[in-house]
$ cat target-v5.cif   # mmCIF, C-alpha atoms
data_my_file
loop_
_atom_site.label_atom_id
_atom_site.label_comp_id
_atom_site.auth_asym_id
_atom_site.auth_seq_id
_atom_site.Cartn_x
_atom_site.Cartn_y
_atom_site.Cartn_z
CA MET A 189 121.74 17.49 91.34
CA ALA A 190 123.24 19.24 88.31
CA GLY A 191 120.13 19.87 86.20
CA PRO A 192 116.39 19.88 86.79
CA LEU A 193 114.38 16.73 87.35
CA ILE A 194 111.96 16.15 84.45
CA PRO A 195 109.25 13.57 85.28
CA SER A 196 109.18 12.24 81.71
CA TRP A 197 107.58 8.96 82.84
CA LEU A 198 104.18 10.61 83.42
CA PRO A 199 101.53 9.85 80.75
CA ASP A 200 99.93 12.78 78.88
CA HIS A 201 96.61 12.47 80.77
CA HIS A 202 98.38 12.99 84.12
CA PRO A 203 97.88 16.43 85.77
CA PHE A 204 101.66 16.85 86.04
CA TYR A 205 102.45 15.67 82.51
CA VAL A 206 105.44 17.58 81.13
CA SER A 207 105.28 18.09 77.35
CA PRO A 208 108.55 18.35 75.36
CA PRO A 209 108.26 22.19 74.98
CA THR A 210 107.60 22.50 78.74
CA ALA A 211 110.60 20.28 79.47
CA ARG A 212 112.78 22.56 77.29
CA ARG A 213 111.41 25.62 79.15
CA ILE A 214 112.15 24.01 82.53
CA ARG A 215 115.74 23.23 81.47
CA ARG A 216 116.18 26.83 80.27
CA VAL A 217 114.71 28.49 83.39
CA PHE A 218 116.09 26.13 86.07
CA LYS A 219 118.73 27.67 88.29
CA PRO A 220 120.38 26.12 91.36
CA ASN A 221 119.50 29.27 93.33
CA ARG A 222 115.77 29.36 92.52
CA ILE A 223 113.40 28.87 95.47
CA PHE A 224 109.68 28.12 95.15
CA LEU A 225 107.63 30.07 97.72
CA ASN A 226 104.59 28.15 98.91
CA ILE A 227 103.04 30.90 101.04
CA PRO A 228 99.51 32.29 101.59
CA TYR A 229 98.26 35.20 99.45
CA ALA A 230 96.59 36.94 102.39
CA SER A 231 96.95 40.59 103.38
CA ARG A 232 97.63 39.60 106.99
CA TYR A 233 100.59 37.54 105.76
CA SER A 234 102.17 40.44 103.84
CA ASN A 235 104.75 41.43 106.50
CA LEU A 236 105.93 37.83 106.67
CA GLU A 237 106.00 37.73 102.85
CA VAL A 238 108.32 40.76 102.83
CA ALA A 239 110.50 39.00 105.44
CA VAL A 240 110.70 35.87 103.25
CA LEU A 241 111.55 37.91 100.13
CA SER A 242 114.11 40.16 101.82
CA THR A 243 115.85 37.18 103.47
CA ALA A 244 115.89 34.94 100.37
CA THR A 245 117.29 37.73 98.16
CA ALA A 246 119.90 38.66 100.80
CA TYR A 247 121.45 35.24 100.08
CA ASP A 248 121.10 35.70 96.29
CA LEU A 249 118.26 33.19 96.05
CA HIS A 250 115.75 33.79 93.24
CA PRO A 251 112.22 33.55 94.67
CA CYS A 252 109.26 32.48 92.53
CA MET A 253 105.58 31.95 93.28
CA ALA A 254 102.59 30.40 91.55
CA LYS A 255 100.92 33.81 91.14
CA GLU A 256 103.56 34.88 88.63
CA ARG A 257 102.34 32.85 85.64
CA SER A 258 99.50 33.28 83.14
CA LYS A 259 95.99 32.65 84.42
CA LEU A 260 95.07 30.76 81.26
CA GLU A 261 97.20 27.74 82.09
CA ILE A 262 95.93 24.88 84.17
CA ARG A 263 96.94 25.79 87.70
CA MET A 264 98.32 22.43 88.68
CA ARG A 265 100.55 22.14 85.58
CA LYS A 266 101.71 25.70 86.17
CA ILE A 267 102.68 24.89 89.79
CA GLY A 268 104.37 21.66 88.70
CA GLU A 269 106.42 23.51 86.11
CA LEU A 270 107.46 26.24 88.56
CA VAL A 271 108.49 23.69 91.20
CA LEU A 272 110.61 21.85 88.63
CA THR A 273 112.50 25.05 87.76
CA CYS A 274 113.62 25.44 91.41
CA LYS A 275 116.15 23.64 93.54
CA TYR A 276 114.68 24.77 96.86
CA GLY A 277 111.26 25.24 98.42
CA PHE A 278 109.77 27.32 101.22
CA THR A 279 106.42 26.36 102.76
CA ASP A 280 104.43 28.14 105.44
CA LEU A 281 101.66 25.97 106.87
CA SER A 282 100.16 28.68 109.11
CA TYR A 283 96.80 28.46 107.35
CA ALA A 284 96.14 24.78 108.09
CA THR A 285 92.54 25.01 106.91
CA ARG A 286 93.66 25.66 103.33
CA MET A 287 94.81 22.50 101.59
CA ASN A 288 96.80 24.12 98.76
CA MET A 289 99.93 24.61 100.79
CA PRO A 290 100.15 21.07 102.25
CA PHE A 291 99.46 19.77 98.72
CA GLU A 292 102.25 21.87 97.19
CA LEU A 293 104.56 20.81 100.02
CA GLY A 294 103.90 17.20 99.02
CA VAL A 295 104.84 18.05 95.42
CA LEU A 296 108.07 19.76 96.56
CA LEU A 297 109.10 16.82 98.74
CA ALA A 298 108.14 14.16 96.17
CA TRP A 299 110.31 15.83 93.54
CA GLY A 300 113.29 15.98 95.88
CA LYS A 301 113.38 19.75 96.48
CA GLU A 302 115.16 20.77 99.66
CA THR A 303 112.32 22.44 101.51
CA PHE A 304 112.11 24.68 104.54
CA VAL A 305 108.82 24.14 106.40
CA ILE A 306 107.53 26.65 108.92
CA THR A 307 104.21 27.37 110.62
CA SER A 308 102.87 29.84 113.14
CA HIS A 309 102.24 27.25 115.90
CA PRO A 310 103.66 23.73 115.47
CA SER A 311 101.13 21.86 117.61
CA ARG A 312 98.20 22.94 115.40
CA THR A 313 100.01 21.82 112.25
CA ILE A 314 101.16 18.52 113.77
CA LYS A 315 97.53 17.73 114.64
CA SER A 316 96.39 18.18 111.04
CA LEU A 317 99.54 16.86 109.32
CA SER A 318 100.86 14.10 111.56
CA ASP A 319 102.90 12.46 108.75
CA LEU A 320 105.46 15.25 109.10
CA ASN A 321 108.05 14.74 111.79
CA PHE A 322 107.80 17.37 114.53
CA GLY A 323 111.54 18.10 114.23
CA ASP A 324 111.19 19.00 110.53
CA ILE A 325 108.86 21.96 111.15
CA GLU A 326 109.97 25.34 112.46
CA PHE A 327 107.56 27.90 113.92
CA HIS A 328 107.45 31.71 113.88
CA ARG A 329 104.47 32.65 116.12
CA ARG A 330 103.69 35.34 113.49
CA SER A 331 106.93 37.11 114.43
CA VAL A 332 108.98 38.54 111.57
CA GLU A 333 112.18 38.30 113.68
CA LEU A 334 111.67 34.59 114.39
CA LEU A 335 110.87 33.86 110.75
CA ILE A 336 113.99 35.68 109.53
CA GLU A 337 116.19 33.97 112.11
CA LYS A 338 114.98 30.44 111.36
CA PHE A 339 114.80 30.85 107.58
CA SER A 340 118.30 32.37 107.41
CA ARG A 341 119.72 29.57 109.56
CA TRP A 342 118.23 27.01 107.16
CA ILE A 343 119.55 28.84 104.06
CA GLU A 344 123.06 28.97 105.56
CA ARG A 345 122.88 25.24 106.30
CA ALA A 346 121.31 24.06 103.04
CA ALA A 347 121.95 26.53 100.24
CA THR A 348 124.91 28.86 100.60
CA ALA A 349 128.28 29.53 102.18
CA LYS A 350 127.28 33.20 102.68
CA ARG A 351 126.91 34.28 106.33
CA LEU A 352 124.79 37.25 107.45
CA THR A 353 123.98 38.52 110.93
CA SER A 354 120.41 38.85 112.24
CA ALA A 355 120.94 42.63 112.57
CA THR A 356 121.85 42.89 108.88
CA LEU A 357 118.81 40.83 107.86
CA LEU A 358 116.46 42.89 110.06
CA THR A 359 117.80 46.14 108.61
CA ARG A 360 117.29 44.70 105.16
CA TYR A 361 113.72 43.71 106.09
CA ARG A 362 112.92 47.25 107.35
CA ARG A 363 114.33 48.78 104.15
CA TRP A 364 112.33 46.34 102.04
CA GLN A 365 109.23 47.52 103.95
CA ALA A 366 110.09 51.13 103.03
CA PHE A 367 110.53 49.96 99.44
CA ARG A 368 107.14 48.22 99.58
CA ARG A 369 105.41 51.34 100.99
CA SER A 370 106.96 53.55 98.33
CA LEU A 371 105.92 51.24 95.48
CA GLY A 372 102.35 50.96 96.83
CA GLY A 373 100.12 48.86 94.55
CA ASP A 374 103.02 48.16 92.18
CA PHE A 375 104.63 45.98 94.87
CA ASP A 376 101.72 43.51 94.78
CA ARG A 377 101.51 43.59 90.99
CA LEU A 378 105.17 42.65 90.52
CA THR A 379 106.24 39.01 90.78
CA PRO A 380 108.87 38.06 93.41
CA ALA A 381 111.43 37.63 90.61
CA GLN A 382 110.64 41.12 89.24
CA LEU A 383 110.84 42.61 92.76
CA ALA A 384 114.27 41.04 93.23
CA ASN A 385 115.38 42.59 89.91
CA VAL A 386 113.94 46.02 90.83
CA VAL A 387 115.88 45.84 94.10
CA GLY A 388 119.03 45.01 92.11
CA VAL A 389 118.52 48.05 89.84
CA ALA A 390 117.78 50.27 92.88
CA GLU A 391 120.96 49.08 94.61
CA ASP A 392 122.97 50.12 91.54
CA GLU A 393 121.23 53.30 90.44
CA PHE A 394 120.30 54.86 93.79
CA SER A 395 123.22 53.37 95.74
CA VAL A 396 120.59 51.76 97.98
CA ARG A 397 122.19 49.91 100.83
CA PHE A 398 119.54 47.33 101.67
CA SER A 399 121.67 45.35 104.06
CA GLU A 400 124.01 47.83 105.68
CA SER A 401 123.17 48.52 109.32
CA GLY A 402 122.32 52.07 110.39
CA SER A 403 119.24 54.30 110.27
CA MET B 227 125.65 60.22 85.97
CA SER B 228 122.33 58.38 86.07
CA ASP B 229 118.97 60.11 85.68
CA LEU B 230 115.37 58.99 85.88
CA THR B 231 115.16 58.25 82.15
CA SER B 232 118.11 55.86 82.24
CA VAL B 233 116.78 54.16 85.40
CA ALA B 234 113.39 53.68 83.71
CA ARG B 235 115.11 52.25 80.62
CA ARG B 236 117.05 49.81 82.80
CA LEU B 237 113.85 48.72 84.55
CA GLU B 238 112.27 48.14 81.14
CA ARG B 239 115.25 46.11 79.96
CA GLU B 240 116.14 44.15 83.09
CA VAL B 241 112.77 43.67 84.78
CA GLY B 242 110.70 43.48 81.59
CA LEU B 243 108.32 46.27 82.59
CA PRO B 244 106.25 48.29 80.11
CA ALA B 245 107.61 51.84 79.59
CA ALA B 246 104.85 53.59 81.59
CA ASP B 247 105.25 51.24 84.59
CA ALA B 248 109.05 51.56 84.46
CA LYS B 249 108.82 55.39 84.50
CA ARG B 250 106.35 55.38 87.40
CA ILE B 251 108.44 52.93 89.45
CA ALA B 252 111.66 54.87 88.74
CA ARG B 253 109.95 58.04 90.00
CA LYS B 254 108.71 56.26 93.17
CA LEU B 255 112.18 54.84 93.85
CA ASN B 256 113.73 58.27 93.38
CA LYS B 257 111.26 59.76 95.85
CA LEU B 258 112.17 57.05 98.37
CA ALA B 259 115.91 57.60 97.77
CA ALA B 260 115.46 61.33 98.43
CA SER B 261 113.71 60.68 101.75
CA VAL B 262 116.13 58.20 103.39
CA SER B 263 119.76 58.31 104.48
CA TRP B 264 120.64 54.91 102.98
CA ALA B 265 120.09 55.83 99.32
CA THR B 266 121.00 58.62 96.89
CA PRO B 267 118.47 60.11 94.48
CA VAL B 268 119.32 60.69 90.82
CA ALA B 269 118.74 63.77 88.67
CA GLU B 270 115.18 64.15 87.40
CA LYS B 271 116.29 64.91 83.84
CA ASP B 272 119.52 64.18 81.99
CA GLU B 273 121.98 66.86 80.85
CA GLU B 274 121.12 66.46 77.15
CA HIS B 275 117.46 66.94 77.92
CA ARG B 276 118.25 70.08 79.95
CA LYS B 277 120.38 71.55 77.12
CA ALA B 278 117.65 70.77 74.59
CA ARG B 279 115.12 72.60 76.77
CA VAL B 280 117.43 75.62 77.09
CA ARG B 281 117.90 75.66 73.30
CA ALA B 282 114.15 75.42 72.78
CA LYS B 283 113.58 78.34 75.19
CA VAL B 284 116.13 80.50 73.36
CA VAL B 285 114.46 79.78 70.05
CA THR B 286 111.05 80.60 71.49
CA ARG B 287 112.32 83.83 72.98
CA LYS B 288 113.96 84.84 69.68
CA SER B 289 110.89 84.02 67.66
CA SER B 290 108.63 85.89 70.06
CA LYS B 291 110.95 88.95 69.85
CA ALA B 292 110.85 88.72 66.06
CA HIS B 293 107.09 88.49 66.22
CA THR B 294 106.87 91.60 68.45
CA ALA B 295 109.23 93.52 66.14
CA LYS B 296 107.17 92.55 63.12
CA LYS B 297 104.01 93.77 64.83
CA ARG B 298 105.65 97.14 65.48
#
$ encode --input "target-v5.cif" --output "structure tokens"
Amino acid sequence: MAGPLIPSWLPDHHPFYVSPPTARRIRRVFKPNRIFLNIPYASRYSNLEVAVLSTATAYDLHPCMAKERSKLEIRMRKIGELVLTCKYGFTDLSYATRMNMPFELGVLLAWGKETFVITSHPSRTIKSLSDLNFGDIEFHRRSVELLIEKFSRWIERAATAKRLTSATLLTRYRRWQAFRRSLGGDFDRLTPAQLANVVGVAEDEFSVRFSESGS
Amino acid sequence: MSDLTSVARRLEREVGLPAADAKRIARKLNKLAASVSWATPVAEKDEEHRKARVRAKVVTRKSSKAHTAKKR
């Protein structure tokens, strides 16, 4: 797929209607390395969030999340627009009681985005979402190491020719955690795309070696 | 050589942060860089700024001497 999909067939009363200015914005923002993160905004998920961000950016993917757009817009249109600007998707279904993530997964799949699906325990998710094939869902048992390993394997298969070792990715994750601690509240205020850019500036200006193994 | 001011300017330009946020984040990153072996901190102030401060000090010292002499 060279450019973004624009669902121009939807009528203007449809929740996912894309107006001509929005379509222009989607075409401008779309990049073949953008990945939509469909993950919970819970404090107990934050270590896994750092693992997702550090792994995605290690492969030069540009992460984006629904929280990074204006609150004034209709949420569903905002999510639709963000999904359309991405080529890939990441979904964590660990919080099966919340319907937002399965819903957004449906949007990602319907619009043909290559999507990595993971959950903490597969059996629980299969019970509540039996339409998904068991083989299509990975699980992490709330382990950062497992999440990094499975997500990186998927990225290397689906999105890039770049190859990184687990040790490199774990070092990167630990350094991202140090980065998160040092930024404090600013880390949560910044969008994933801004965090990726701050990391880029830090790598240049402070010769930060996020991925090199060592102490 | 980079300094905190140029890092903050780059954060403003490339990340789209307001000036105050960019300065604060540059300072936090510098503190982190100074505390780990896998990064290198930058100078707090640039050379021009340091020279300007030295010049300002000299002027102050001269003017205070002149003031003391006048008093006498």
$ resolve_selection --input "target-v5.cif" --expression "the PyMOL selection byres ((chain B and resi 253-256) around 9)" --output "MDAnalysis selection string"
(chainID A and resid 367 370:371 390 394) or (chainID B and resid 230 234 248:252 257:261 266:270)
$ interface_residues --input "target-v5.cif" --of "chain A" --to "chain B" --cutoff "7 Å" --atoms "all atoms listed in the file" --output "list of chain:residue names"
A:Ser370, A:Leu371, A:Gln382, A:Asn385, A:Val386, A:Glu393, A:Phe394, A:Ser395, A:Val396, A:Arg397
$ resolve_selection --input "target-v5.cif" --expression "the PyMOL selection byres ((chain A and resi 247) around 8)" --output "count of residues only"
9
$ residues_around --input "target-v5.cif" --residues "Leu317 (chain A)" --least-positions-apart "4" --cutoff "12 Å" --atoms "only C-alpha atoms" --output "PDB file with C-alpha atoms, in the coordinates of the input"
ATOM      1  CA  LEU A 281     101.660  25.970 106.870  1.00  0.00           C
ATOM      2  CA  SER A 282     100.160  28.680 109.110  1.00  0.00           C
ATOM      3  CA  ALA A 284      96.140  24.780 108.090  1.00  0.00           C
ATOM      4  CA  THR A 285      92.540  25.010 106.910  1.00  0.00           C
ATOM      5  CA  MET A 287      94.810  22.500 101.590  1.00  0.00           C
ATOM      6  CA  MET A 289      99.930  24.610 100.790  1.00  0.00           C
ATOM      7  CA  PRO A 290     100.150  21.070 102.250  1.00  0.00           C
ATOM      8  CA  PHE A 291      99.460  19.770  98.720  1.00  0.00           C
ATOM      9  CA  LEU A 293     104.560  20.810 100.020  1.00  0.00           C
ATOM     10  CA  GLY A 294     103.900  17.200  99.020  1.00  0.00           C
ATOM     11  CA  THR A 307     104.210  27.370 110.620  1.00  0.00           C
ATOM     12  CA  PRO A 310     103.660  23.730 115.470  1.00  0.00           C
ATOM     13  CA  SER A 311     101.130  21.860 117.610  1.00  0.00           C
ATOM     14  CA  ARG A 312      98.200  22.940 115.400  1.00  0.00           C
ATOM     15  CA  THR A 313     100.010  21.820 112.250  1.00  0.00           C
ATOM     16  CA  ASN A 321     108.050  14.740 111.790  1.00  0.00           C
ATOM     17  CA  PHE A 322     107.800  17.370 114.530  1.00  0.00           C
ATOM     18  CA  ASP A 324     111.190  19.000 110.530  1.00  0.00           C
ATOM     19  CA  ILE A 325     108.860  21.960 111.150  1.00  0.00           C
TER      20      ILE A 325
END
$ atom_distance --input "target-v5.cif" --atom1 "CA of Cys252 (chain A)" --atom2 "CA of Ser318 (chain A)"
27.8 Å
$ atom_distance --input "target-v5.cif" --atom1 "CA of Arg369 (chain A)" --atom2 "CA of Ile227 (chain A)"
20.6 Å
$ closest_residue --input "target-v5.cif" --among "A:Asn226, A:Leu334, A:Ile314, A:Gly373" --to "Ser354 (chain A)" --atoms "all atoms listed in the file"
A:Leu334
$ residues_around --input "target-v5.cif" --residues "region 207-218 of chain A" --least-positions-apart "4" --cutoff "9 Å" --atoms "all atoms listed in the file" --output "ChimeraX atom specification"
/A:191-196,200,222,269-270,272-275
$ closest_residue --input "target-v5.cif" --among "A:Ala190, A:Val332, A:Met253, A:Val271" --to "Tyr233 (chain A)" --atoms "all atoms listed in the file"
A:Val332
$ resolve_selection --input "target-v5.cif" --expression "the PyMOL selection byres ((chain A and resi 364-366) around 9)" --output "MDAnalysis selection string"
(chainID A and resid 235 238:239 241:242 359:363 367:371 387 398) or (chainID B and resid 258)
$ atom_distance --input "target-v5.cif" --atom1 "CA of Ala384 (chain A)" --atom2 "CA of Lys301 (chain A)"
21.6 Å
$ closest_residue --input "target-v5.cif" --among "A:Val295, A:Leu378, A:Ile223, A:Leu335" --to "Leu236 (chain A)" --atoms "all atoms listed in the file"
A:Leu335
